[in-house]
Amino acid sequence: MKTSTTTAIGAQRIPARAQHSAPAATATRPPAGTPNTPGTPAKATWPHRAWYATWPALAIYATSAVLHLVLLAVMSPPGAPGVHDKLLSWDGDLYRSIAQDGYPDSFTHDATGKLVGNNLAFFPAYPALIRTVHALTGLGYGTAALAAAHLAMIAALVAVHLLVSRLYDRRTATVATVLLACAQPMAIAFLMAYSESLFLALAAATLVAAHRKAWLTAGTFALLTGLARPAAAAVAAALVAAVVLHLIRERRVTWRPLAAIALACAGTPAYLWWVGRRLHRADAWFTIQQAGWDTRWDNGSSFWHFLGYAFTEADGWVPVSTAVLLLALIVATVLAWQRGTWPPLLIYGTAILVLTLGQSNYYHSKLRLVVPALIFLIPLARALGQTRPRTMVIVLTASSLFGSWYGAYMLTRWQYAI
């Protein structure tokens with residue numbers, strides 16, 4: 001990013017291009033997202049500063065929740081399961097059962113003796129949050145699962161808004177948060193009893209802490225992310241990148257950044273080790289995952305096969321739309337690499353995309369699996385942030401309606417799990 005030449009006038013610095021148009025006594029404002037952003041003076045009380053930092057994310061959460069849930073209710077066929085049940089469907093019911101009954105202590109087989117998947121495939125952080133909400137509120141486990149997802153989504157939107165504000169400006173952050181919560185085709189997953197919202201909250205908090213160089217905080221959040229989903233490898237890679245950049249810049253090694261890396265790399269291996277120990281087999285988690293969902297690393301061959309199927313043989317518009325949207329996300333990620341994005345965010349988002357496309361999981365789940373990636377939203381957010389307000393509002397409204405409708409369709413009309 002190019003910076004303008006400045007000229008000192010007393011204790012202030014005025015951009016050279018403004019020297020002939022601005023009075024000498026006029027000071028430039030600090031960048032948006034810093035503690036002294038206009039509207040939050042240095043002497044403001046902590047509650048005022050906290051409200052100023054969080055209210056855009058809270059407003060976007062409320063708007064997103066209303067939009068998604070109203071469309072989901074309107075599009076549900078008569079006599080079909082209600083909104084509550086839809087948000088608890090598929091993996092959501094499995095997370096609820098883990099919170100309520102715990103994990104199995106053996107492999108699971110069907111009536112013919114064939115090995116099938118079981119709940120040990122699902123990481124423990126989100127079920128632990130469900131159990132905590134249930135214990136604190138007395139809500140049933142299903143309702144507690146939805147409440148936990150909503151609380152995690154609020155935290156995720158606050159963390160993302162803060163991160164993008166630090167990297168760019170407050171307007172870009174608000175646009176990016178709207179795109180994240182409303183416009184993504186499967187953003188409704190953030191409101192379901194799924195782990196996406198908690199994963200994003202922890203991942204974004206890790207990146208914010210790393211940008212602030214609060215290394216032990218970043219490492220702790222990364223550790224918790226590793227207990228939410230195996231895709232936390234992307235978070236660990238991003239934190240390693242942040243630490244390397246810091247050490248190169250400082251030209252000295254200190255223990256806190258290294259401790260952060262150690263913490264970031266501990267979460268997922270710890271759970272995999274626990275599953276292996278529980279079932280007396282080192283590769284137990286991988287065996288369960290493949291038996292239940294045929295999920296394995298295949299270098300993207302199943303994704304390329306899906307693209308060929310979608311554009312030549314697929315019956316219906318869902319496979320075609322999924323293929324087009326995934327290709328668009330790839331293009332947007334490439335654009336983010338070309339526009340000087342903060343390297344840890346680039347690595348995090350790109351790794352999420354690669355991990356999703358490089359595995360053999362179901363094609364109709366891929367749009368959900370990439371919703372926490374963030375990176376492909378940045379080019380559009382930056383472009384919209386520089387347009388006229390009217391243009392920005394029209395684009396955000398149209399894209400939010402499309403994204404919310406797409407997610408509601410997949411929950412009410414699509415016959416397969418997402």
# chains A, B, ... in the order shown; residues from 1 in each chain; ligands from 1
call {"tool": "closest_atom_pairs", "arguments": {"of": "range 179-237 of chain A", "to": "range 150-166 of chain A", "cutoff": "10 Å", "atoms": "only C-alpha atoms", "output": "CSV"}}
result
residue,atom,partner,partner_atom,distance
A:Leu180,CA,A:Leu157,CA,8.3
A:Ala181,CA,A:Leu157,CA,7.7
A:Ala189,CA,A:Met153,CA,9.9
A:Phe190,CA,A:Met153,CA,6.1
A:Leu191,CA,A:His150,CA,5.8
A:Met192,CA,A:His150,CA,8.1
A:Ala193,CA,A:His150,CA,8.9
A:Ser195,CA,A:Ala152,CA,9.0
A:Glu196,CA,A:Met153,CA,8.6
A:Ser197,CA,A:Met153,CA,4.8
A:Leu198,CA,A:Ala152,CA,4.9
A:Phe199,CA,A:Ala156,CA,8.4
A:Leu200,CA,A:Ala156,CA,5.7
A:Ala201,CA,A:Ala156,CA,3.7
A:Leu202,CA,A:Ala156,CA,7.3
A:Ala203,CA,A:Ala156,CA,8.4
A:Ala204,CA,A:Ala159,CA,5.6
A:Ala205,CA,A:Ala159,CA,5.6
A:Thr206,CA,A:Ala159,CA,9.1
A:Leu207,CA,A:Leu163,CA,7.2
A:Val208,CA,A:Leu163,CA,5.4
A:Ala209,CA,A:Leu163,CA,9.1
A:His211,CA,A:Leu163,CA,8.2
A:Arg212,CA,A:Arg166,CA,9.3
call {"tool": "select_by_dssp", "arguments": {"residues": "range 78-122 of chain A", "states": "strand (DSSP E or B)", "output": "list of chain:residue names"}}
result
A:Thr108, A:His109, A:Leu115, A:Val116
call {"tool": "residues_around", "arguments": {"residues": "range 71-86 of chain A", "least_positions_apart": "3", "cutoff": "8 Å", "atoms": "only C-alpha atoms", "output": "list in words"}}
result
Leu67, His68, Ser89, Ser404, Trp405, Ala408, Tyr409, Leu411 and Thr412 of chain A
call {"tool": "write_last_selection", "arguments": {"atoms": "C-alpha atoms", "output": "short mmCIF file (atom, residue, chain, number, x, y, z; two decimals), in the first residue's frame"}}
result
data_model
loop_
_atom_site.label_atom_id
_atom_site.label_comp_id
_atom_site.auth_asym_id
_atom_site.auth_seq_id
_atom_site.Cartn_x
_atom_site.Cartn_y
_atom_site.Cartn_z
CA LEU A 67 -33.47 -12.62 7.28
CA HIS A 68 -32.34 -16.24 7.41
CA SER A 89 -30.93 -31.47 11.44
CA SER A 404 -30.20 -16.26 2.57
CA TRP A 405 -32.54 -17.74 -0.03
CA ALA A 408 -33.09 -21.75 3.06
CA TYR A 409 -33.58 -23.71 -0.15
CA LEU A 411 -32.51 -26.77 4.18
CA THR A 412 -36.10 -27.01 2.96
#
call {"tool": "closest_residue", "arguments": {"among": "A:Trp46, A:Tyr271, A:Asp110, A:Val70", "to": "Asp283 in chain A", "atoms": "only C-alpha atoms"}}
result
A:Tyr271
call {"tool": "atom_distance", "arguments": {"atom1": "CA of Val320 in chain A", "atom2": "CA of Val354 in chain A"}}
result
20.1 Å
call {"tool": "atom_distance", "arguments": {"atom1": "CA of Leu94 in chain A", "atom2": "CA of Leu353 in chain A"}}
result
24.7 Å
